[in-house]
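Everything on this sheet refers to the single structure shown next.
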There are 2 protein chains.
Amino acid sequence: MDSTVSKRRTAARSGKRGVAGRPRGPRTGKPTAVERIVEEIRRGIKEGRYAPGQRLIESDLTQALGVSRGPLREAMSRLAGDGLVKIERNRGVTVRALTREEVRSISTIREVLEGLAARLAAAHIHEGSNREEFKRLWNEMQSVQVSSNAMEYVVANERFHTLIVRLSGNEPLAQLLDQLRTPVYRFQFRTRLSTDALRWGNEDHAEIASAILAGDPDRAERAMRRHLRHSAKLIDALPDEAFG
Amino acid sequence: MDSTVSKRRTAARSGKRGVAGRPRGPRTGKPTAVERIVEEIRRGIKEGRYAPGQRLIESDLTQALGVSRGPLREAMSRLAGDGLVKIERNRGVTVRALTREEVRSISTIREVLEGLAARLAAAHIHEGSNREEFKRLWNEMQSVQVSSNAMEYVVANERFHTLIVRLSGNEPLAQLLDQLRTPVYRFQFRTRLSTDALRWGNEDHAEIASAILAGDPDRAERAMRRHLRHSAKLIDALPDEAFG
DNA sequence: TCAAATAAAATTGTCCTACACTATTGCACG
DNA sequence: CGTGCAATAGTGTAGGACAATTTTATTTGA
């Protein structure tokens, strides 16, 4: 039925014949239009420049971004796959609005996955320069913690989690968590990060860091999960207006 | 800079969000071209009709599927987001090939997520018609188990897991797991599902089902994780040729 | 003969125009 | 005030064009 589709494998490609072309840095080249669009919209949503529920109209965006509809729609497909926008047939794209229930569901997932990441990070802390790298960031964070204002906390928090996931050595996990964090990122700016909340967060971090540096997977996982539960509670305390 | 972008909210749309969302209506209409393409390719990859590493050339596919490049490329973007294909700049799309390491990483993630699903399913087994629904499938599976050949086992296995995730009541989790299962699905057909392996699998299922029906979250999670570890071991036992 | 160099062919990335079809909006009418 | 219908906005898809880049085929030089 689809026998017309070429089944040829890329045999030639894997064979290293043309010695001439040393593959240059893949990521370094000028980004493709789709990549630029995805990046722009993603940042916009993350930072709240595009509000949940807001319609993203093709003609507006093609004009604003100086691209044609093709790449734009590709980008939207991609963003929809990441759950950042919602595409409805004949109705176009809207910035995805999460219900309180969905946020809870995602938090539950994040709890186990970030817990896993912490566990793995602790288990691998002795490998390579992991310990050194982790210590460096941790020291850096502690010097900031004193001045903690909400914004700085959120940024530091993100770096902390990102590093831990990276040290877990599980790349798919890193991608997945990035995907899960993005849609709820903006809530962090709405939670009134009271001085107490900030201190608790920092205490959580300290406990996590301690466990990871001690190479204690169980404790690291427990601490991380507790931390995630705390964050989830802050978000869940938001009024309904913050959702949808 | 992007102030030209229309910020108008869909006031009317968001207005009735209170109740909207439940009725799964829109799926019924005729599927859009992109949806058809995605579905076709996804099935093809899952079933192994498109081999890992194989190039998917636009002109071939547009002709074979009778669509134009636009929708096709949108579909590819989406598939890439799901990790089913890989898009390289100026080089097009290839069916993603997973390294052994990636498969291991994904298995690790699945273990905790499926474990979570089982835990939640057990916790919610008393709600609604969950118990009844679960029992029905379970009975059905047991009648098939006797005749177990590999193919039937794989299908039954999938239904079992899918139902459990659904009963977990965590929709994002369901989507995520579906996404994680697809790329490794094909490996199941390569593992030599020996009679022993089959029996073990069925024993695992029995233990999981028992725990869920008993409403014992801890035991359900433990059993499910063990089951996943067993599956992962089978796949990991495959020779290198099965990967890449 | 074999590999480097070069020409030719494929293939992708993007823009544009067009048009059918759906959804939304605005208005005239009852 | 609704209600129905026409006008308008916006999406879904096709198809043509072309530059940029990669892949394949061909020629050339040692």
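In the structure tokens, each chain is lettered A, B, ... as it comes, each chain's residues begin at 1, and ligands are numbered from 1 in order of appearance.
Here chain B was fitted onto chain A over its full set of C-alpha atoms, and the resulting RMSD is 2.5 Å.
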- Message: If the cut-off is 8 Å, can you tell me the residues of chain B near chain D, counting only C-alpha atoms (C1' of nucleotides)? I'd like them as a PyMOL selection string.
- Response: chain B and resi 32+68+70-71+90-91
- Task: At a cut-off of 12 Å, list the chain B residues touching chain C, using only C-alpha atoms (C1' of nucleotides), as a PyMOL selection string.
- Result: chain B and resi 10+12-13+55-60+69-70+73+87-93
- Quick one: pull the distance between CA of Leu116 in chain A and CA of Glu221 in chain A, Å, one decimal.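 Distance reported for this atom pair: 6.3 Å.
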- Please determine the contact residues of chain A with respect to chain B at a cut-off of 8 Å, counting only C-alpha atoms, and supply them as a PyMOL selection string. chain A and resi 2+4-10+32+50+53-57+60-61+64-65+70+73-75+77-78+80-82+89+102+105-106+109+112-113+116+170-173+244
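You will find CA of Asp196 in chain A at 18.3 Å from CA of Ile208 in chain A.
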- Counting only C-alpha atoms, the option among B:Arg43, B:Ala97, B:Arg199, B:Met141 closest to Ala242 in chain B: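 For Ala242 in chain B, the nearest of the candidates is B:Ala97.
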- Test item, strand (DSSP E) assignment across range 24-119 of chain B, answer as a ChimeraX atom specification: /B:55-56,85-88,92-95
